[in-house]
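File shown: query.txt. Contents: compact mmCIF, C-alpha atoms.
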# COMPACT_ATOMS: atom_id res chain seq x y z
CA MET A 1 -4.09 -23.49 29.10
CA THR A 2 -2.00 -26.64 28.81
CA ARG A 3 1.65 -26.65 27.78
CA ALA A 4 0.65 -28.28 24.46
CA GLY A 5 -1.86 -25.51 23.95
CA LEU A 6 0.75 -22.81 24.51
CA LEU A 7 3.09 -24.45 22.02
CA LEU A 8 0.42 -24.63 19.34
CA TYR A 9 -0.60 -21.03 19.96
CA PHE A 10 2.86 -19.72 19.17
CA VAL A 11 3.28 -21.94 16.10
CA TYR A 12 -0.15 -21.67 14.49
CA PRO A 13 -2.64 -18.79 14.48
CA CYS A 14 -5.78 -19.43 16.44
CA VAL A 15 -8.86 -20.62 14.60
CA GLN A 16 -11.75 -18.20 14.65
CA ALA A 17 -15.25 -19.63 14.82
CA SER A 18 -17.93 -18.47 12.42
CA ASN A 19 -19.74 -16.67 15.26
CA GLY A 20 -16.75 -14.36 15.72
CA THR A 21 -15.29 -15.93 18.88
CA ASN A 22 -11.68 -17.11 19.01
CA SER A 23 -10.33 -20.40 20.24
CA LEU A 24 -6.74 -21.53 20.12
CA LEU A 25 -6.98 -24.54 17.83
CA PRO A 26 -10.12 -25.65 19.72
CA GLU A 27 -10.21 -29.31 18.71
CA VAL A 28 -6.75 -29.94 20.15
CA LEU A 29 -7.10 -27.75 23.23
CA GLN A 30 -10.65 -28.73 24.11
CA LEU A 31 -9.67 -32.37 24.01
CA SER A 32 -6.83 -31.65 26.43
CA ASN A 33 -9.03 -29.53 28.74
CA HIS A 34 -11.88 -32.03 29.19
CA SER A 35 -11.76 -34.69 31.84
CA SER A 36 -12.75 -37.62 29.65
CA THR A 37 -12.68 -38.68 26.04
CA SER A 38 -16.43 -39.05 25.93
CA ASN A 39 -16.95 -35.49 27.16
CA SER A 40 -14.49 -34.23 24.55
CA LEU A 41 -16.25 -36.06 21.75
CA ASN A 42 -19.56 -34.77 23.03
CA TYR A 43 -18.14 -31.21 22.85
CA LEU A 44 -17.12 -31.69 19.24
CA HIS A 45 -20.45 -33.25 18.37
CA THR A 46 -22.50 -30.43 19.87
CA SER A 47 -20.31 -27.53 18.75
CA LEU A 48 -22.44 -26.98 15.62
CA PRO A 49 -26.08 -25.89 15.90
CA PRO A 50 -28.48 -28.63 14.70
CA LEU A 51 -29.76 -28.41 11.12
CA THR A 52 -27.32 -25.58 10.29
CA MET A 53 -25.45 -25.97 7.01
CA PRO A 54 -22.04 -24.21 7.02
CA GLU A 55 -21.46 -21.75 4.21
CA HIS A 56 -17.73 -22.49 3.85
CA GLU A 57 -15.52 -25.42 2.87
CA CYS A 58 -12.41 -26.58 4.67
CA GLN A 59 -9.26 -25.39 2.91
CA HIS A 60 -7.69 -28.83 3.37
CA CYS A 61 -10.40 -31.50 3.05
CA ASP A 62 -13.29 -29.60 1.39
CA GLU A 63 -15.67 -30.68 4.16
CA PRO A 64 -18.04 -28.13 5.76
CA ALA A 65 -16.06 -25.60 7.82
CA THR A 66 -17.13 -23.27 10.62
CA LYS A 67 -13.79 -22.01 11.90
CA ARG A 68 -11.72 -19.34 10.19
CA CYS A 69 -7.97 -18.76 10.41
CA SER A 70 -7.51 -15.68 12.59
CA GLY A 71 -4.08 -15.02 11.11
CA CYS A 72 -5.47 -13.90 7.75
CA SER A 73 -9.27 -14.25 8.13
CA LYS A 74 -9.41 -15.55 4.57
CA VAL A 75 -9.54 -19.36 4.76
CA TRP A 76 -11.75 -21.76 6.69
CA TYR A 77 -11.14 -25.11 8.36
CA CYS A 78 -13.25 -27.84 9.88
CA GLY A 79 -10.83 -28.07 12.79
CA SER A 80 -7.26 -27.92 14.01
CA ARG A 81 -6.19 -31.19 12.39
CA CYS A 82 -6.77 -29.85 8.89
CA GLN A 83 -5.24 -26.47 9.72
CA ILE A 84 -2.03 -28.13 10.90
CA ALA A 85 -2.00 -30.44 7.85
CA SER A 86 -2.22 -27.51 5.41
CA TRP A 87 0.06 -25.17 7.33
CA ASP A 88 3.13 -25.62 5.12
CA PHE A 89 1.09 -24.26 2.23
CA HIS A 90 -1.04 -21.70 4.00
CA ILE A 91 1.82 -20.06 5.91
CA PHE A 92 2.91 -18.37 2.67
CA ASN A 93 -0.44 -16.58 2.36
CA CYS A 94 -1.11 -15.95 6.05
CA ASN A 95 0.19 -13.59 8.74
CA PRO A 96 2.00 -16.18 10.88
CA ARG A 97 3.30 -15.51 14.37
CA CYS A 98 6.45 -17.48 13.52
CA ALA A 99 8.81 -16.61 10.66
CA ILE A 100 8.77 -18.67 7.47
CA ASN A 101 11.90 -20.81 7.39
CA THR A 102 13.56 -22.97 4.76
CA ALA A 103 11.88 -26.14 6.04
CA HIS A 104 8.51 -24.63 5.08
CA HIS A 105 9.81 -24.05 1.55
CA LEU A 106 11.13 -27.63 1.44
CA ALA A 107 7.83 -29.11 2.62
CA ARG A 108 5.84 -27.15 0.05
CA ALA A 109 8.20 -28.33 -2.70
CA ALA A 110 7.97 -31.96 -1.54
CA TYR A 111 4.16 -31.89 -1.51
CA ASN A 112 4.18 -30.38 -5.01
CA ASP A 113 6.76 -32.90 -6.28
CA MET A 114 9.05 -30.14 -7.48
CA PHE A 115 12.42 -28.67 -6.57
CA PRO A 116 12.51 -25.73 -4.15
CA GLY A 117 12.96 -22.29 -5.64
CA ASP A 118 14.09 -20.49 -2.53
CA HIS A 119 17.86 -19.90 -2.67
CA GLN A 120 18.56 -20.50 1.02
CA THR A 121 16.49 -23.71 0.98
CA LEU A 122 18.59 -25.06 -1.88
CA ILE A 123 21.70 -24.42 0.21
CA ASP A 124 20.35 -25.62 3.57
CA TYR A 125 19.06 -28.95 2.26
CA GLY A 126 21.87 -29.93 -0.08
CA PHE A 127 20.50 -29.19 -3.55
CA THR A 128 23.39 -26.88 -4.46
CA ARG A 129 25.86 -29.69 -3.73
CA ALA A 130 23.86 -32.21 -5.77
CA CYS A 131 25.05 -31.01 -9.17
CA THR A 132 23.75 -33.85 -11.35
CA PRO A 133 20.06 -34.14 -12.27
CA ASN A 134 20.00 -37.70 -10.95
CA ASP A 135 21.36 -36.70 -7.53
CA ARG A 136 18.90 -33.81 -7.23
CA SER A 137 15.96 -36.06 -8.13
CA ASN A 138 17.03 -38.63 -5.56
CA LEU A 139 17.47 -35.94 -2.92
CA LEU A 140 13.97 -34.60 -3.57
CA GLY A 141 12.61 -38.15 -3.39
CA LEU A 142 14.36 -38.62 -0.05
CA TYR A 143 12.56 -35.57 1.39
CA MET A 144 9.26 -36.62 -0.18
CA GLY A 145 9.55 -39.90 1.70
CA LEU A 146 10.03 -38.05 4.98
CA ILE A 147 7.36 -35.41 4.45
CA ARG A 148 4.71 -37.20 2.40
CA GLY A 149 5.41 -40.83 3.22
CA MET A 150 6.14 -40.56 6.95
CA GLU A 151 4.35 -37.23 7.53
CA ILE A 152 7.31 -35.76 9.41
CA PRO A 153 6.45 -32.07 10.05
CA SER A 154 8.59 -29.27 8.69
CA LYS A 155 9.36 -28.03 12.21
CA SER A 156 11.12 -31.35 12.93
CA LEU A 157 13.25 -31.07 9.79
CA HIS A 158 14.12 -27.50 10.73
CA LYS A 159 15.14 -28.56 14.22
CA TRP A 160 17.25 -31.44 12.93
CA ARG A 161 19.14 -29.15 10.59
CA ILE A 162 19.68 -26.38 13.14
CA GLU A 163 20.97 -28.88 15.69
CA GLY A 164 23.25 -30.62 13.17
CA ARG A 165 21.30 -33.90 13.31
CA LEU A 166 19.75 -33.91 9.83
CA VAL A 167 21.83 -36.81 8.43
CA SER A 168 21.48 -39.07 11.48
CA GLU A 169 17.75 -38.38 11.87
CA ILE A 170 17.06 -39.09 8.19
CA LYS A 171 18.81 -42.45 8.47
CA ALA A 172 16.98 -43.29 11.69
CA ALA A 173 13.60 -42.36 10.19
CA TYR A 174 14.08 -44.60 7.16
CA GLU A 175 15.51 -47.50 9.15
CA GLY A 176 12.32 -47.63 11.19
CA ASN A 177 9.91 -47.08 8.32
CA ARG A 178 10.28 -48.88 4.99
CA THR A 179 7.93 -46.73 2.91
CA GLY A 180 7.56 -46.72 -0.86
CA TYR A 181 10.39 -44.17 -0.88
CA TYR A 182 12.92 -46.58 0.66
CA ASP A 183 15.02 -46.77 -2.54
CA PHE A 184 15.98 -43.13 -1.96
CA HIS A 185 17.36 -44.12 1.43
CA ALA A 186 19.66 -46.66 -0.24
CA TRP A 187 20.90 -43.90 -2.56
CA PHE A 188 21.43 -41.57 0.39
CA LEU A 189 23.59 -44.05 2.28
CA GLU A 190 26.05 -43.89 -0.62
CA ASN A 191 25.82 -40.10 -1.02
CA GLN A 192 25.79 -38.67 2.49
CA TRP A 193 28.41 -36.11 1.41
CA ILE A 194 25.59 -34.05 -0.13
CA LEU A 195 24.33 -33.17 3.37
CA ASP A 196 27.55 -33.69 5.31
CA ASP A 197 30.27 -31.14 4.51
CA SER A 198 32.85 -33.20 6.43
CA ILE A 199 32.66 -35.94 3.78
CA PRO A 200 34.50 -35.05 0.53
CA PRO A 201 32.59 -35.61 -2.74
CA PRO A 202 33.64 -38.87 -4.43
CA VAL A 203 34.20 -37.10 -7.76
CA GLY A 204 36.10 -34.08 -6.46
CA ASP A 205 34.60 -30.66 -7.21
CA PRO A 206 30.86 -31.17 -7.93
CA GLN A 207 30.88 -28.03 -10.12
CA LEU A 208 33.24 -29.71 -12.55
CA TYR A 209 30.32 -31.73 -13.94
CA MET A 210 28.45 -28.51 -14.76
CA PHE A 211 31.45 -26.83 -16.38
CA ARG A 212 32.27 -29.88 -18.49
CA ASN A 213 28.76 -29.92 -19.95
CA ALA A 214 29.02 -26.24 -20.90
CA TRP A 215 32.55 -26.62 -22.27
CA GLU A 216 31.53 -29.50 -24.52
CA TYR A 217 28.59 -27.46 -25.84
CA ALA A 218 30.60 -24.27 -26.36
CA VAL A 219 33.93 -25.61 -27.59
CA GLY A 220 33.14 -29.13 -28.73
CA GLY A 221 35.27 -31.25 -26.45
CA GLY A 222 38.71 -31.42 -24.93
CA THR A 223 39.94 -32.69 -21.59
CA ILE A 224 38.94 -30.52 -18.63
CA THR A 225 40.49 -31.33 -15.28
CA SER A 226 39.35 -28.43 -13.08
CA VAL A 227 36.89 -25.55 -12.86
CA GLU A 228 39.81 -23.14 -12.57
CA GLU A 229 41.14 -24.35 -15.92
CA VAL A 230 37.83 -23.47 -17.60
CA LYS A 231 37.59 -20.08 -15.87
CA LYS A 232 41.09 -19.20 -17.03
CA ALA A 233 40.23 -20.15 -20.62
CA ILE A 234 37.00 -18.15 -20.79
CA SER A 235 38.55 -15.10 -19.10
CA LYS A 236 39.89 -14.18 -22.55
CA TRP A 237 36.39 -14.12 -24.05
CA SER A 238 34.12 -11.09 -24.32
CA ARG A 239 31.86 -10.31 -21.37
CA GLU A 240 28.74 -11.33 -23.32
CA ARG A 241 30.28 -14.66 -24.32
CA GLN A 242 31.34 -15.37 -20.74
CA THR A 243 27.82 -14.55 -19.54
CA CYS A 244 26.30 -17.00 -22.02
CA PHE A 245 28.78 -19.70 -21.01
CA LEU A 246 27.93 -19.34 -17.32
CA LEU A 247 24.25 -19.72 -18.13
CA CYS A 248 25.05 -22.92 -20.01
CA THR A 249 26.80 -24.38 -16.96
CA SER A 250 23.45 -24.22 -15.15
CA ILE A 251 20.95 -24.95 -17.92
CA LEU A 252 22.78 -27.94 -19.42
CA SER A 253 22.94 -29.45 -15.94
CA GLU A 254 19.17 -28.89 -15.57
CA PHE A 255 19.66 -26.39 -12.76
CA PRO A 256 18.46 -22.77 -13.04
CA PRO A 257 20.86 -19.98 -12.03
CA LEU A 258 20.85 -19.03 -8.36
CA PRO A 259 19.68 -15.51 -7.40
CA SER A 260 23.21 -14.60 -6.27
CA GLU A 261 24.59 -15.32 -9.75
CA PRO A 262 24.70 -12.57 -12.42
CA GLN A 263 22.96 -14.76 -15.03
CA TRP A 264 19.85 -14.93 -12.82
CA LEU A 265 19.42 -11.26 -13.64
CA ASP A 266 20.98 -11.21 -17.11
CA PHE A 267 18.62 -13.84 -18.54
CA GLY A 268 15.40 -12.75 -16.91
CA PHE A 269 15.00 -15.34 -14.16
CA CYS A 270 14.34 -12.37 -11.90
CA THR A 271 10.99 -11.90 -13.67
CA CYS A 272 9.61 -15.29 -12.58
CA PRO A 273 6.57 -14.59 -10.39
CA GLU A 274 7.74 -17.29 -7.97
CA LEU A 275 11.26 -18.62 -7.54
CA GLU A 276 10.01 -22.13 -8.30
CA ASP A 277 9.08 -20.90 -11.78
CA GLY A 278 12.79 -20.66 -12.53
CA TRP A 279 12.86 -24.41 -13.12
CA GLU A 280 10.23 -24.02 -15.87
CA LEU A 281 12.07 -21.10 -17.46
CA GLY A 282 15.25 -23.20 -17.36
CA LYS A 283 13.50 -25.87 -19.46
CA CYS A 284 12.65 -23.22 -22.05
CA TYR A 285 16.29 -22.17 -22.24
CA MET A 286 17.28 -25.83 -22.57
CA GLN A 287 15.03 -26.13 -25.61
CA LEU A 288 16.55 -23.00 -27.13
CA LEU A 289 20.09 -24.33 -26.62
CA ASP A 290 19.04 -27.56 -28.34
CA GLU A 291 17.98 -25.53 -31.37
CA CYS A 292 21.15 -23.49 -31.86
CA THR A 293 24.92 -23.59 -31.49
CA PHE A 294 26.78 -21.74 -28.77
CA ASP A 295 27.92 -19.09 -31.26
CA GLU A 296 24.33 -18.57 -32.41
CA PHE A 297 23.11 -18.29 -28.84
CA CYS A 298 25.77 -15.67 -28.05
CA PHE A 299 24.76 -13.70 -31.15
CA ILE A 300 21.06 -13.81 -30.19
CA TYR A 301 21.88 -12.57 -26.69
CA THR A 302 24.26 -9.81 -27.81
CA ALA A 303 21.88 -8.59 -30.53
CA GLY A 304 19.07 -8.21 -28.00
CA THR A 305 16.77 -10.63 -29.85
CA LEU A 306 16.75 -13.32 -27.18
CA HIS A 307 13.15 -12.50 -26.28
CA LEU A 308 12.00 -13.19 -29.83
CA ARG A 309 13.50 -16.68 -29.90
CA LEU A 310 12.73 -17.67 -26.32
CA MET A 311 9.09 -16.58 -26.31
CA ASN A 312 8.49 -18.78 -29.36
CA THR A 313 9.86 -22.00 -27.88
CA GLU A 314 7.32 -24.81 -27.65
CA ASP A 315 7.74 -25.05 -23.86
CA ILE A 316 6.61 -21.47 -23.27
CA LYS A 317 3.74 -21.86 -25.74
CA LEU A 318 2.63 -24.99 -23.89
CA LEU A 319 2.83 -23.25 -20.51
CA ASN A 320 0.73 -20.38 -21.84
CA GLN A 321 -1.90 -22.84 -23.05
CA LEU A 322 -2.00 -24.77 -19.77
CA LEU A 323 -2.33 -21.60 -17.69
CA CYS A 324 -4.72 -19.92 -20.14
CA THR A 325 -2.71 -16.70 -20.06
CA PRO A 326 -0.91 -14.82 -22.83
CA ARG A 327 2.17 -14.45 -20.64
CA VAL A 328 3.27 -17.14 -18.21
CA PHE A 329 6.20 -14.84 -17.30
CA PRO A 330 4.49 -11.42 -17.55
CA HIS A 331 7.62 -9.23 -17.52
CA LEU A 332 10.08 -11.56 -19.25
CA GLU A 333 9.65 -10.35 -22.83
CA GLN A 334 10.01 -6.68 -21.92
CA PHE A 335 13.04 -7.42 -19.72
CA LEU A 336 14.88 -9.42 -22.41
CA ASN A 337 14.11 -6.78 -25.02
CA ASN A 338 17.02 -4.84 -23.50
CA PRO A 339 18.86 -7.04 -20.97
CA PHE A 340 21.74 -4.57 -20.69
CA ALA A 341 19.60 -1.79 -19.18
CA HIS A 342 16.92 -2.63 -16.62
CA TYR A 343 15.05 -0.96 -13.77
CA SER A 344 16.62 -1.12 -10.31
CA VAL A 345 13.56 -2.97 -8.99
CA TRP A 346 15.01 -6.15 -10.49
CA ASP A 347 18.31 -5.57 -8.66
CA LEU A 348 16.24 -5.11 -5.50
CA LYS A 349 14.47 -8.42 -6.02
CA GLN A 350 17.78 -10.17 -6.63
CA PHE A 351 19.24 -8.75 -3.43
CA VAL A 352 16.32 -9.67 -1.16
CA VAL A 353 15.69 -13.21 -2.45
CA ALA A 354 19.36 -14.25 -2.59
CA ALA A 355 20.68 -16.32 0.32
CA GLU A 356 21.66 -14.31 3.38
CA GLY A 357 25.17 -12.87 3.06
CA SER A 358 25.61 -13.96 -0.56
CA MET A 359 25.61 -10.42 -1.99
CA GLU A 360 25.62 -6.75 -1.03
CA PRO A 361 23.08 -4.17 -2.25
CA ALA A 362 24.16 -2.21 -5.31
CA MET A 363 24.21 1.58 -5.13
CA PRO A 364 21.00 2.05 -7.19
CA ILE A 365 19.15 -0.07 -4.62
CA MET A 366 20.64 1.90 -1.74
CA VAL A 367 19.42 5.20 -3.21
CA ASP A 368 16.13 4.17 -4.84
CA TYR A 369 14.72 1.90 -2.14
CA GLY A 370 15.90 3.51 1.07
CA PHE A 371 18.73 1.31 2.27
CA ILE A 372 20.91 4.41 2.38
CA ASN A 373 18.58 5.72 5.13
CA CYS A 374 19.29 2.77 7.45
CA LYS A 375 21.44 3.76 10.41
CA ASP A 376 22.65 0.22 11.16
CA ASN A 377 22.55 -3.39 9.98
CA VAL A 378 19.44 -4.09 12.05
CA GLU A 379 17.38 -1.54 10.14
CA MET A 380 18.85 -2.72 6.85
CA LYS A 381 17.81 -6.30 7.64
CA GLU A 382 14.30 -5.16 8.64
CA LEU A 383 13.90 -3.22 5.40
CA LYS A 384 15.16 -6.19 3.40
CA GLU A 385 12.62 -8.48 5.07
CA VAL A 386 9.79 -6.08 4.21
CA TYR A 387 10.73 -6.11 0.53
CA LYS A 388 11.10 -9.89 0.65
CA ALA A 389 7.57 -10.18 2.05
CA TYR A 390 6.38 -7.92 -0.75
CA PHE A 391 7.86 -10.05 -3.52
CA SER A 392 6.58 -13.23 -1.81
CA ALA A 393 2.99 -11.97 -2.08
CA ARG A 394 2.67 -13.14 -5.66
CA ASP A 395 -1.08 -12.50 -5.94
CA ARG A 396 -0.78 -8.88 -4.74
CA SER A 397 2.68 -7.63 -5.72
CA ASP A 398 3.97 -6.45 -9.09
CA PRO A 399 7.58 -5.33 -9.65
CA ALA A 400 6.48 -2.93 -12.40
CA GLU A 401 4.06 -1.23 -10.01
CA LEU A 402 6.77 -1.04 -7.34
CA HIS A 403 9.06 0.66 -9.85
CA GLN A 404 6.37 3.23 -10.61
CA ALA A 405 5.85 3.82 -6.89
CA CYS A 406 9.61 4.30 -6.53
CA ILE A 407 9.93 7.04 -9.17
CA GLN A 408 6.83 8.74 -7.75
CA GLY A 409 8.24 8.71 -4.20
CA LYS A 410 5.36 6.52 -2.96
CA ILE A 411 7.10 3.30 -1.97
CA PHE A 412 5.64 3.24 1.54
CA ASP A 413 2.07 3.61 0.28
CA HIS A 414 2.44 0.92 -2.36
CA VAL A 415 4.28 -1.66 -0.26
CA GLY A 416 1.91 -0.94 2.64
CA SER A 417 -1.03 -1.91 0.43
CA VAL A 418 0.51 -5.38 0.05
CA THR A 419 2.08 -6.12 3.44
CA LYS A 420 1.73 -4.62 6.90
CA LEU A 421 4.17 -1.79 7.70
CA SER A 422 4.95 0.23 10.81
CA ASP A 423 5.36 3.99 10.57
CA LYS A 424 9.16 3.73 10.90
CA PHE A 425 9.32 2.58 7.28
CA LYS A 426 7.94 5.92 6.08
CA ILE A 427 11.36 7.36 6.82
CA LEU A 428 13.37 4.35 5.65
CA MET A 429 11.55 4.14 2.31
CA LYS A 430 11.90 7.81 1.52
CA ASN A 431 13.92 8.56 -1.63
CA MET A 432 14.76 11.54 -3.84
CA TYR A 433 11.81 11.00 -6.18
CA PRO A 434 9.86 12.43 -7.91
CA LEU A 435 12.56 14.44 -9.61
CA PRO A 436 11.82 18.09 -10.47
CA ASN A 437 10.22 18.66 -13.87
CA HIS A 438 9.33 14.97 -14.22

As structure tokens, the full file:
Amino acid sequence: MTRAGLLLYFVYPCVQASNGTNSLLPEVLQLSNHSSTSNSLNYLHTSLPPLTMPEHECQHCDEPATKRCSGCSKVWYCGSRCQIASWDFHIFNCNPRCAINTAHHLARAAYNDMFPGDHQTLIDYGFTRACTPNDRSNLLGLYMGLIRGMEIPSKSLHKWRIEGRLVSEIKAAYEGNRTGYYDFHAWFLENQWILDDSIPPPVGDPQLYMFRNAWEYAVGGGTITSVEEVKKAISKWSRERQTCFLLCTSILSEFPPLPSEPQWLDFGFCTCPELEDGWELGKCYMQLLDECTFDEFCFIYTAGTLHLRLMNTEDIKLLNQLLCTPRVFPHLEQFLNNPFAHYSVWDLKQFVVAAEGSMEPAMPIMVDYGFINCKDNVEMKELKEVYKAYFSARDRSDPAELHQACIQGKIFDHVGSVTKLSDKFKILMKNMYPLPNH
């Protein structure tokens, strides 16, 4: 096997032919293993039996496909070129040999023309420093130019970031390729501070923009010179009023709360089937804030009637119509019906999807979901990754079902039906349930 073949093997699963045999991305490797181009082309030409119509379509190009991904055995490809091209999407539904990293999340977001939902991706690629909607849109456009316009693979972006070369490589890529996204490069040259922590922001604390928007909405004006000044002022408010204000800092800046922030849980963003859905839920909250004053919003939240107002916003009704489903956020209404008392499964989801090191597991999580059984940080990290894989499997996982499995003492069986588990997790996932006489 050639060196290129070895590299591809460890990055992408091998492609399995329809006859059951395996080849490691055969189109790439067979080309490298044949002595001449003509022989290689002849191999590709004769690889299909004559007059045989394939029964499957390529996941990427919809052409006839005879080779199946051996990582998941669920999707088919016409060859290695299409498998590589669709990898940043398929990796989330496959059983990859390499771990999913934040560059994969970024690439998927760029191809979908939407902001990333993954917390760590937002941090790694500058979105949390770009506090204004305009800066975030320009930053996304910059990455779209790299990924869609120049077809730079996610593994290159990941390497640039890890090696501290992201800023310089972005500039070099655009200087040598004036694509239709070049205007974003001009913006980036004036805003390199978003990706370079050594450059101070030109406007001081970027969070000040977010707090000013919320302060104007809640109080009606006044000169605000620092975030600390606002925090000191709202510290005298009730807890519920402070919670509503913190949500407004995000929503009025067109940025959903981050998983590490309390309002991500308090206002039901935890119920979004995918983290990217948080941007859509944020738009619904924006519409609700447009329809009421800050005092009215605080009253709605405190009275526990937020679900009644939010579920009737035009944005959610439109989403339900587009997706042909009665509930675009299936657990949101039930969660908001009593936001002050919720199942620990939502705390678990918050803990596992938040950026690494941004929060510690609460005691209910430790007891209910087995973290208290971990003898060291290594086991705790392994258990966390298993639960993260569970929640990432949107088409197979359901937090409500995980909660039921928890109180029945059957976490291992339920999670194991969604993602692969080794026997060691039988012990780690053991809890005190079911309780006697329940």

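With distances restricted to all atoms listed in the file, A:Val415 is the closest residue to Ala389 in chain A from A:Val415, A:Ala85, A:Met150, A:Val75.
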
Open item on the list: At a cut-off of 7 Å, using only C-alpha atoms, what residues contact range 237-244 of chain A? Leave out same-chain residues fewer than 4 positions from it and give the result as a list in words.
Closed with: Cys248, Gln263, Cys298 and Thr302 of chain A

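Closest approach to Ser397 in chain A among A:Val230, A:Ile372, A:Val418, A:Ile147 is made by A:Val418 (distances from only C-alpha atoms).
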
- [ ] Would you list the residues near (20.9, -11.4, -4.9), meaning any protein, DNA or RNA residue with an atom at most 9 Å from that point in file coordinates, counting all atoms listed in the file, as a PyMOL selection string?
- [x] chain A and resi 258-262+264-265+347-356+358-361

TODO: Would you please work out which residue, of A:Met432, A:Asp295, A:Ile194, A:Tyr285, is nearest to Asn373 in chain A when using all atoms listed in the file?
DONE: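 Checking each of A:Met432, A:Asp295, A:Ile194, A:Tyr285 against Asn373 in chain A, counting all atoms listed in the file, the winner is A:Met432.
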
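Between CA of Thr66 in chain A and CA of Trp87 in chain A lies a distance of 17.6 Å.
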
Task: Point (-14.2, -23.2, 4.0) neighbourhood (6 Å, all atoms listed in the file) written as a ChimeraX atom specification - done: /A:56-59,65,76-77

TODO: Would you mind listing what lies within 8 Å of range 120-134 of chain A as a PyMOL selection string, with only C-alpha atoms counted and same-chain residues fewer than 3 positions away left out?
DONE: chain A and resi 102-103+105-106+116-117+137-139+161+194-195+206-207+209-210+253-255+354-356

Exercise: Phe297 in chain A partners within 12 Å, only C-alpha atoms, chain neighbours under 6 positions left out, as a short mmCIF file (atom, residue, chain, number, x, y, z; two decimals) with C-alpha atoms, in the frame of the given file:
data_model
loop_
_atom_site.label_atom_id
_atom_site.label_comp_id
_atom_site.auth_asym_id
_atom_site.auth_seq_id
_atom_site.Cartn_x
_atom_site.Cartn_y
_atom_site.Cartn_z
CA TYR A 217 28.59 -27.46 -25.84
CA ALA A 218 30.60 -24.27 -26.36
CA GLU A 240 28.74 -11.33 -23.32
CA ARG A 241 30.28 -14.66 -24.32
CA GLN A 242 31.34 -15.37 -20.74
CA THR A 243 27.82 -14.55 -19.54
CA CYS A 244 26.30 -17.00 -22.02
CA PHE A 245 28.78 -19.70 -21.01
CA LEU A 247 24.25 -19.72 -18.13
CA CYS A 248 25.05 -22.92 -20.01
CA TYR A 285 16.29 -22.17 -22.24
CA MET A 286 17.28 -25.83 -22.57
CA GLN A 287 15.03 -26.13 -25.61
CA LEU A 288 16.55 -23.00 -27.13
CA LEU A 289 20.09 -24.33 -26.62
CA ASP A 290 19.04 -27.56 -28.34
CA GLU A 291 17.98 -25.53 -31.37
CA ALA A 303 21.88 -8.59 -30.53
CA GLY A 304 19.07 -8.21 -28.00
CA THR A 305 16.77 -10.63 -29.85
CA LEU A 306 16.75 -13.32 -27.18
CA HIS A 307 13.15 -12.50 -26.28
CA ARG A 309 13.50 -16.68 -29.90
CA LEU A 310 12.73 -17.67 -26.32
#

Open item on the list: Quick check, in Å to one decimal: how far apart do CA of Leu281 in chain A and CA of Gly268 in chain A lie?
Closed with: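 Calculated distance between CA of Leu281 in chain A and CA of Gly268 in chain A is 9.0 Å.
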
Open item on the list: Show me, as a ChimeraX atom specification, the residues that have an atom within 8 Å of Pro399 in chain A when counting all atoms listed in the file, minus same-chain residues fewer than 4 positions from it.
Closed with: /A:345-346,391,403

Take the residues from that selection and write them out as a CSV table (one decimal), in the frame of the given file, keeping C-alpha atoms.
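Listed below is the output, out20.csv:
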chain,number,residue,atom,x,y,z
A,345,VAL,CA,13.6,-3.0,-9.0
A,346,TRP,CA,15.0,-6.2,-10.5
A,391,PHE,CA,7.9,-10.0,-3.5
A,403,HIS,CA,9.1,0.7,-9.8

As a compact mmCIF listing (two decimals) with C-alpha atoms, keeping the file's coordinate frame, please: the residues near Tyr369 in chain A (cut-off 6 Å, all atoms listed in the file, same-chain neighbours under 3 positions excluded).
# COMPACT_ATOMS: atom_id res chain seq x y z
CA ILE A 365 19.15 -0.07 -4.62
CA MET A 366 20.64 1.90 -1.74
CA MET A 429 11.55 4.14 2.31

Open item on the list: Just the number, please: distance in Å from CA of Asn191 in chain A to CA of Leu146 in chain A, one decimal.
Closed with: 17.0 Å
